[in-house]
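In what follows, a single structure is set out as structure tokens and then discussed.
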Amino acid sequence: MSTPLRLALQALFWGGWASAYVLLPEYLPLLAQIAVVALFVLSLDLLVGYAGFVTLGHAAFFGVGAYAAGILAQQGWGEPLSGLLFGAAVAALVGLVTAPLVLRGGDLTGIMVTLGIAMMLYEAANRMAWLTGGADGLQGVEMWPILGIWRFDLFGRTAFVYSLLVLFLLFLLARLIVASPFGLALRGIKGNRRRMEALGTPVKARLIAVYTLSAAYAGVAGALLAQTTQFVSLDVLDFHRSADALLMLVLGGMGALYGAMIGAILFMVAHHTLSELTPQFWQFWIGIALIALAIAGKGGLLGLARRALARLPRR
Amino acid sequence: MLTVLIDGVASGMLLFVLACGLSVTLGLMNFVNLAHGAFGMAGGYLCVVLLNQHGVPFLPAVVAAALFAAALGFVLERTLYAHLYGRDHLDQVLFSIGLVFVMSAVVDWLMGARQQLITLPAWLQGRWDFGFVTVGVYRAFLIAICGAIVLALHLGLVRTRFGARLRAAVDDGVVARGLGIPVNRIFGVTFALGSGLAGLGGALGVEVLGLDPTFPLKYMVYFLIVVAVGGANTIVGPFLAALLLGVVDVAGKYYVPQVGAFVIYTAMVVLLLLRPHGLLAKASAR
């Protein structure tokens, strides 16, 4: 793809987001949620798409970030930006602590440990009702205006702009990270772990670093959700959230930051339109999509588009 | 105390019958099959339908459930699973989660989301009182049946020609193929057998474990523990793991109900950390 075309497509992507503020005012709360989910899938992409580490429990970090930010605000500190940082820090800490456990055994063991840790956290949040509100959810989250100026309004305008800006900034950061020597090392580990070890790359340290980074990103996404909806439910730690995120990532295309975000957008829009029908119906088609994607192979929609573009005659 | 122990043993044996098929797919064929519980669910629902809507007696219904799950497993193995052998784990994870979602949705659509109940035949109800301990008749029945299955599986694996071929195919697939052993067909038959046992376990477990469309996800972790903690190439390893798990689970629910499922998840993580080089490390090293 030529550079001008690439730039134009990127401008179209972000311009489309920004124009939604004017064009789709009644959908702003939904769009803010989509931005949150896109950030979550982005965090998963760093781990799965770039470093090639499969996890079934990424919702753990989303949930930890959401509960951290939510509880902070509930206890009387409603400043949003520091709340985001707090959510990211707590999630990163959990990531840092669990990373050695997850990376300890083989590939399969790692997958199962991520699953086990996520389910442990879910049960813990469920049982510690005095802290998290348990199955009733965390109530009484009060947010202060952003920077003391922009109040969270009923129509979701502030929430939308806030989520979109956080997504955009963290996307830029992620782009810097994946293009850095660190990002290249991650791709090398995904491609051939033994060879990277032979080249002298500290593979384990790199994996722990990316695991923690990805946890922090997921924590920010969770904190954003808690702040914009001013509510946290057990749903943030649910297994479905991890599985759905994997689906979105594979749908959009792994190992590509735009792929992650496009997958999230498509999934959320489809979910919104289809879940008017029965929820079982929705789950059925999600399952079919997962099976089809797994059998058809990776690359996702972005990969399809790239192949189609590559086939265009060159001038 | 003894009653809790016996209940634990019964549910552990049930878990083993449900999970032992998975120890073949995950442990031996190195295929991450998170959909294993779905076969148990299929068997359980067929049993419920036959019992409650068609008035089939209990034992034939259970046998039919096992046959149905085995047939389902065989068909899916040939049509879908076979495409994914040797692919990376992410594809297998996505595929099997997708399969769970589809099967749960279909069951939900056909049968509704509520718990399914069955009435046991009169000869399986009630309790025996031995003075120092009372044992539910159904629990004793479960222990007898599952014990017989364990014994049959063990002898089948160790003594028969099929068992020898399976062990050869697992130990070194390439050499086994070179010797003319039809590895793919053996795996297919084994997969069907494992699914059938899962269906049998699902049918027998309606009374003990419950049955609703979330069954495959709810018990996925239990199956994974049984496989992860047990060992390859034997029946005894997973069997002991299942017994331990059953007893811990029942005792946990009985003595510290406020902690709930937390015990099991913690046990899983701890066991995986203590024994990361059990069955799974060996399988993935090949």
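Letters for chains follow the order of the structure tokens (A, B, ...), residue numbers begin at 1 for each chain, and ligand numbers begin at 1 in the order shown.
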Taking only C-alpha atoms into account, find every residue of chain A that has an atom no more than 8 Å from chain B, and write it out as an MDAnalysis selection string. chainID A and resid 54 101 104:109 112:113 116:117 119:120 123:124 127 243 246:247 280:281 283:295 297
Writer output for current selection, C-alpha atoms, as a PDB file, in the first residue's frame:
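Output below, filename part-v1.pdb:
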ATOM      1  CA  VAL A  54      -2.364 -16.776  24.014  1.00  0.00           C
ATOM      2  CA  LEU A 101       3.314 -17.677  37.224  1.00  0.00           C
ATOM      3  CA  ARG A 104       6.382 -20.664  34.241  1.00  0.00           C
ATOM      4  CA  GLY A 105       5.119 -23.790  32.555  1.00  0.00           C
ATOM      5  CA  GLY A 106       4.641 -24.687  28.937  1.00  0.00           C
ATOM      6  CA  ASP A 107       2.355 -23.084  26.420  1.00  0.00           C
ATOM      7  CA  LEU A 108      -0.772 -25.049  27.373  1.00  0.00           C
ATOM      8  CA  THR A 109      -0.181 -24.636  31.085  1.00  0.00           C
ATOM      9  CA  MET A 112      -4.881 -22.605  31.680  1.00  0.00           C
ATOM     10  CA  VAL A 113      -3.224 -20.511  34.366  1.00  0.00           C
ATOM     11  CA  GLY A 116      -7.656 -19.956  36.348  1.00  0.00           C
ATOM     12  CA  ILE A 117      -6.444 -16.566  37.559  1.00  0.00           C
ATOM     13  CA  MET A 119     -11.834 -17.108  37.382  1.00  0.00           C
ATOM     14  CA  MET A 120     -10.223 -16.702  40.797  1.00  0.00           C
ATOM     15  CA  GLU A 123     -15.003 -15.404  42.414  1.00  0.00           C
ATOM     16  CA  ALA A 124     -13.045 -13.083  44.706  1.00  0.00           C
ATOM     17  CA  ARG A 127     -17.478 -12.923  47.408  1.00  0.00           C
ATOM     18  CA  ALA A 243     -13.440 -14.749  24.691  1.00  0.00           C
ATOM     19  CA  LEU A 246     -10.151 -12.713  21.254  1.00  0.00           C
ATOM     20  CA  LEU A 247     -12.875 -12.979  18.654  1.00  0.00           C
ATOM     21  CA  GLN A 280     -29.180 -16.986  22.413  1.00  0.00           C
ATOM     22  CA  PHE A 281     -29.405 -16.093  18.750  1.00  0.00           C
ATOM     23  CA  GLN A 283     -24.384 -16.298  21.023  1.00  0.00           C
ATOM     24  CA  PHE A 284     -25.086 -18.832  18.292  1.00  0.00           C
ATOM     25  CA  TRP A 285     -23.742 -16.588  15.550  1.00  0.00           C
ATOM     26  CA  ILE A 286     -20.723 -15.603  17.632  1.00  0.00           C
ATOM     27  CA  GLY A 287     -19.930 -19.284  17.940  1.00  0.00           C
ATOM     28  CA  ILE A 288     -20.310 -19.840  14.214  1.00  0.00           C
ATOM     29  CA  ALA A 289     -18.058 -16.861  13.520  1.00  0.00           C
ATOM     30  CA  LEU A 290     -15.395 -18.204  15.890  1.00  0.00           C
ATOM     31  CA  ILE A 291     -15.432 -21.634  14.253  1.00  0.00           C
ATOM     32  CA  ALA A 292     -15.289 -20.174  10.749  1.00  0.00           C
ATOM     33  CA  LEU A 293     -12.434 -17.819  11.626  1.00  0.00           C
ATOM     34  CA  ALA A 294     -10.462 -20.588  13.318  1.00  0.00           C
ATOM     35  CA  ILE A 295     -10.790 -22.917  10.359  1.00  0.00           C
ATOM     36  CA  GLY A 297      -7.101 -19.045   9.236  1.00  0.00           C
TER      37      GLY A 297
END
Tell me which protein, DNA and RNA residues are within 8 Å of range 213-217 of chain A, counting only C-alpha atoms, leaving out same-chain ones fewer than 3 positions away, and put them as an mmCIF file with C-alpha atoms, in the first residue's frame.
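And here is the file that came out, selection-v8.cif:
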data_model
loop_
_atom_site.group_PDB
_atom_site.id
_atom_site.type_symbol
_atom_site.label_atom_id
_atom_site.label_comp_id
_atom_site.auth_asym_id
_atom_site.auth_seq_id
_atom_site.Cartn_x
_atom_site.Cartn_y
_atom_site.Cartn_z
ATOM 1 C CA LEU A 39 -8.760 -0.053 23.719
ATOM 2 C CA PHE A 40 -9.215 -3.392 25.477
ATOM 3 C CA LEU A 42 -5.708 -3.170 21.492
ATOM 4 C CA SER A 43 -4.202 -4.284 24.792
ATOM 5 C CA LEU A 44 -4.894 -7.903 23.901
ATOM 6 C CA LEU A 46 -0.027 -6.298 22.134
ATOM 7 C CA LEU A 47 0.103 -9.609 23.970
ATOM 8 C CA HIS A 58 -7.416 -10.982 29.841
ATOM 9 C CA PHE A 61 -6.953 -6.896 34.072
ATOM 10 C CA PHE A 62 -9.919 -5.083 32.575
ATOM 11 C CA GLY A 87 -6.510 1.738 37.380
ATOM 12 C CA ALA A 88 -3.548 1.239 35.052
ATOM 13 C CA ALA A 89 -1.101 0.987 37.955
ATOM 14 C CA VAL A 90 -3.138 -1.585 39.880
ATOM 15 C CA ALA A 91 -3.720 -3.681 36.759
ATOM 16 C CA ALA A 92 -0.038 -3.458 35.850
ATOM 17 C CA VAL A 94 -1.420 -7.593 39.098
ATOM 18 C CA GLY A 95 0.092 -8.298 35.689
ATOM 19 C CA ALA A 209 7.344 -6.633 30.235
ATOM 20 C CA VAL A 210 4.754 -6.983 27.491
ATOM 21 C CA VAL A 220 -7.004 1.823 31.545
ATOM 22 C CA ALA A 221 -9.817 0.429 29.393
#
Just give me the gap between CA of Ile34 in chain A and CA of Val161 in chain A in Å, one decimal is fine.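 These two atoms are separated by 12.1 Å.
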Which residues, written as a list in words, have at least one atom at most 8 Å from Gly246 in chain B, with only C-alpha atoms counted and residues fewer than 3 positions away on the same chain left out? Gly8, Val9, Ala10, Ser11, Gly12, Met13, Leu15, Ala242, Leu243, Asp249 and Val250 of chain B
Mind dumping the selected residues with N, CA and C atoms as a short mmCIF file (atom, residue, chain, number, x, y, z; two decimals), in the first residue's frame?
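Written file, selection-v3.cif:
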data_model
loop_
_atom_site.label_atom_id
_atom_site.label_comp_id
_atom_site.auth_asym_id
_atom_site.auth_seq_id
_atom_site.Cartn_x
_atom_site.Cartn_y
_atom_site.Cartn_z
N GLY B 8 -18.03 -37.12 47.99
CA GLY B 8 -16.89 -36.59 47.24
C GLY B 8 -16.33 -37.62 46.28
N VAL B 9 -16.21 -38.86 46.75
CA VAL B 9 -15.70 -39.92 45.88
C VAL B 9 -16.63 -40.13 44.70
N ALA B 10 -17.94 -40.12 44.97
CA ALA B 10 -18.90 -40.33 43.88
C ALA B 10 -18.77 -39.23 42.84
N SER B 11 -18.70 -37.96 43.30
CA SER B 11 -18.65 -36.91 42.29
C SER B 11 -17.28 -36.88 41.62
N GLY B 12 -16.24 -37.32 42.33
CA GLY B 12 -14.93 -37.43 41.70
C GLY B 12 -14.92 -38.47 40.60
N MET B 13 -15.56 -39.60 40.85
CA MET B 13 -15.63 -40.65 39.83
C MET B 13 -16.40 -40.17 38.61
N LEU B 15 -16.62 -37.06 37.66
CA LEU B 15 -15.73 -36.14 36.97
C LEU B 15 -14.75 -36.90 36.10
N ALA B 242 -9.07 -36.83 39.72
CA ALA B 242 -10.50 -36.58 39.77
C ALA B 242 -11.06 -36.87 41.16
N LEU B 243 -10.59 -37.97 41.77
CA LEU B 243 -11.07 -38.30 43.11
C LEU B 243 -10.73 -37.19 44.10
N ASP B 249 -13.78 -30.58 46.47
CA ASP B 249 -14.90 -29.73 46.07
C ASP B 249 -16.10 -29.92 46.99
N VAL B 250 -16.47 -31.19 47.22
CA VAL B 250 -17.63 -31.45 48.08
C VAL B 250 -17.37 -30.98 49.51
#
Go through B:Leu245, B:Val63, B:Ala69, B:Ile149 one by one, measure the shortest atom-to-atom distance of each to Gly199 in chain B using only C-alpha atoms, and give the residue with the smallest value.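 Once distances to Gly199 in chain B are computed over only C-alpha atoms, the minimum belongs to B:Ala69.
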Once DSSP has gone over the backbone, tell me which residues of range 89-266 of chain B are in alpha helix (DSSP H), as a ChimeraX atom specification. /B:89-111,137-159,161-171,173-178,183-209,215-229,236-255,262-266
Residues of the last selection are to be written out with C-alpha atoms, as a tab-separated table (two decimals), in the first residue's frame.
chain	number	residue	atom	x	y	z
B	89	HIS	CA	-3.26	-23.27	20.03
B	90	LEU	CA	-5.02	-19.98	19.40
B	91	ASP	CA	-6.97	-21.47	16.49
B	92	GLN	CA	-7.93	-24.48	18.59
B	93	VAL	CA	-9.00	-22.29	21.50
B	94	LEU	CA	-11.13	-20.09	19.24
B	95	PHE	CA	-12.66	-23.07	17.52
B	96	SER	CA	-13.58	-24.92	20.67
B	97	ILE	CA	-14.98	-21.84	22.42
B	98	GLY	CA	-17.05	-21.24	19.31
B	99	LEU	CA	-18.33	-24.79	19.46
B	100	VAL	CA	-19.30	-24.35	23.12
B	101	PHE	CA	-21.19	-21.15	22.31
B	102	VAL	CA	-23.06	-22.76	19.43
B	103	MET	CA	-24.03	-25.86	21.37
B	104	SER	CA	-25.06	-23.89	24.44
B	105	ALA	CA	-27.15	-21.57	22.28
B	106	VAL	CA	-28.85	-24.48	20.53
B	107	VAL	CA	-29.64	-26.17	23.84
B	108	ASP	CA	-30.86	-22.88	25.29
B	109	TRP	CA	-33.11	-22.40	22.28
B	110	LEU	CA	-34.51	-25.93	22.35
B	111	MET	CA	-34.81	-26.51	26.09
B	137	VAL	CA	-28.20	-45.49	46.93
B	138	TYR	CA	-27.57	-43.43	43.83
B	139	ARG	CA	-24.09	-42.46	45.09
B	140	ALA	CA	-23.25	-46.13	45.62
B	141	PHE	CA	-24.60	-46.90	42.15
B	142	LEU	CA	-22.38	-44.17	40.67
B	143	ILE	CA	-19.31	-45.48	42.45
B	144	ALA	CA	-19.99	-49.01	41.21
B	145	ILE	CA	-20.60	-48.01	37.59
B	146	CYS	CA	-17.73	-45.56	37.34
B	147	GLY	CA	-15.40	-47.97	39.08
B	148	ALA	CA	-16.26	-50.62	36.52
B	149	ILE	CA	-15.59	-48.15	33.72
B	150	VAL	CA	-12.22	-47.19	35.18
B	151	LEU	CA	-11.24	-50.84	35.40
B	152	ALA	CA	-12.41	-51.54	31.86
B	153	LEU	CA	-10.52	-48.54	30.49
B	154	HIS	CA	-7.36	-49.48	32.30
B	155	LEU	CA	-7.45	-53.08	31.10
B	156	GLY	CA	-8.43	-51.93	27.62
B	157	LEU	CA	-5.45	-49.62	27.40
B	158	VAL	CA	-2.96	-52.06	28.85
B	159	ARG	CA	-4.15	-55.45	27.59
B	161	ARG	CA	-4.36	-54.57	20.75
B	162	PHE	CA	-6.22	-51.30	20.30
B	163	GLY	CA	-4.74	-49.99	23.55
B	164	ALA	CA	-1.26	-50.91	22.44
B	165	ARG	CA	-1.75	-49.15	19.10
B	166	LEU	CA	-3.12	-46.07	20.81
B	167	ARG	CA	-0.15	-45.91	23.16
B	168	ALA	CA	2.19	-46.32	20.21
B	169	ALA	CA	0.42	-43.57	18.25
B	170	VAL	CA	0.71	-41.26	21.21
B	171	ASP	CA	4.32	-42.02	22.04
B	173	GLY	CA	3.03	-40.75	15.83
B	174	VAL	CA	5.54	-40.75	12.99
B	175	VAL	CA	7.06	-44.12	13.78
B	176	ALA	CA	3.63	-45.59	14.47
B	177	ARG	CA	2.52	-44.45	11.04
B	178	GLY	CA	5.64	-45.96	9.54
B	183	VAL	CA	-3.02	-43.22	13.54
B	184	ASN	CA	-5.77	-40.92	12.32
B	185	ARG	CA	-8.44	-43.58	12.53
B	186	ILE	CA	-7.29	-44.56	16.01
B	187	PHE	CA	-7.49	-40.97	17.17
B	188	GLY	CA	-10.93	-40.66	15.61
B	189	VAL	CA	-12.24	-43.74	17.38
B	190	THR	CA	-10.64	-42.63	20.64
B	191	PHE	CA	-12.21	-39.21	20.31
B	192	ALA	CA	-15.63	-40.80	19.80
B	193	LEU	CA	-15.07	-43.07	22.79
B	194	GLY	CA	-14.07	-40.09	24.95
B	195	SER	CA	-17.12	-38.13	23.83
B	196	GLY	CA	-19.34	-41.11	24.52
B	197	LEU	CA	-17.97	-41.39	28.05
B	198	ALA	CA	-18.52	-37.67	28.50
B	199	GLY	CA	-22.12	-38.16	27.38
B	200	LEU	CA	-22.50	-41.02	29.85
B	201	GLY	CA	-21.05	-38.86	32.61
B	202	GLY	CA	-23.36	-36.00	31.69
B	203	ALA	CA	-26.38	-38.28	31.81
B	204	LEU	CA	-25.40	-39.86	35.13
B	205	GLY	CA	-24.50	-36.44	36.52
B	206	VAL	CA	-27.81	-34.66	35.99
B	207	GLU	CA	-28.77	-35.59	39.52
B	208	VAL	CA	-25.40	-34.70	41.08
B	209	LEU	CA	-23.81	-31.89	39.05
B	215	PHE	CA	-22.68	-26.70	31.92
B	216	PRO	CA	-19.70	-26.86	29.50
B	217	LEU	CA	-18.22	-23.56	30.68
B	218	LYS	CA	-18.96	-24.18	34.35
B	219	TYR	CA	-17.16	-27.51	34.47
B	220	MET	CA	-14.45	-26.71	31.93
B	221	VAL	CA	-12.03	-25.79	34.70
B	222	TYR	CA	-12.71	-29.03	36.55
B	223	PHE	CA	-11.97	-31.09	33.46
B	224	LEU	CA	-8.81	-29.14	32.80
B	225	ILE	CA	-7.59	-29.77	36.34
B	226	VAL	CA	-8.21	-33.49	36.06
B	227	VAL	CA	-6.20	-33.63	32.87
B	228	ALA	CA	-3.46	-31.25	33.97
B	229	VAL	CA	-2.82	-33.00	37.27
B	236	VAL	CA	-4.72	-44.10	37.12
B	237	GLY	CA	-3.25	-40.56	37.15
B	238	PRO	CA	-6.32	-38.66	35.98
B	239	PHE	CA	-8.47	-40.98	38.09
B	240	LEU	CA	-6.67	-40.05	41.30
B	241	ALA	CA	-6.74	-36.38	40.33
B	242	ALA	CA	-10.50	-36.58	39.77
B	243	LEU	CA	-11.07	-38.30	43.11
B	244	LEU	CA	-9.01	-35.68	44.93
B	245	LEU	CA	-10.86	-32.89	43.17
B	246	GLY	CA	-14.26	-34.39	43.92
B	247	VAL	CA	-13.50	-34.77	47.62
B	248	VAL	CA	-11.98	-31.27	47.94
B	249	ASP	CA	-14.90	-29.73	46.07
B	250	VAL	CA	-17.63	-31.45	48.08
B	251	ALA	CA	-15.83	-30.84	51.37
B	252	GLY	CA	-15.28	-27.17	50.45
B	253	LYS	CA	-18.95	-26.68	49.61
B	254	TYR	CA	-19.97	-28.46	52.78
B	255	TYR	CA	-17.65	-26.88	55.34
B	262	PHE	CA	-12.76	-19.92	44.85
B	263	VAL	CA	-11.17	-23.03	46.41
B	264	ILE	CA	-11.26	-24.92	43.15
B	265	TYR	CA	-9.77	-22.17	41.03
B	266	THR	CA	-7.02	-21.59	43.56
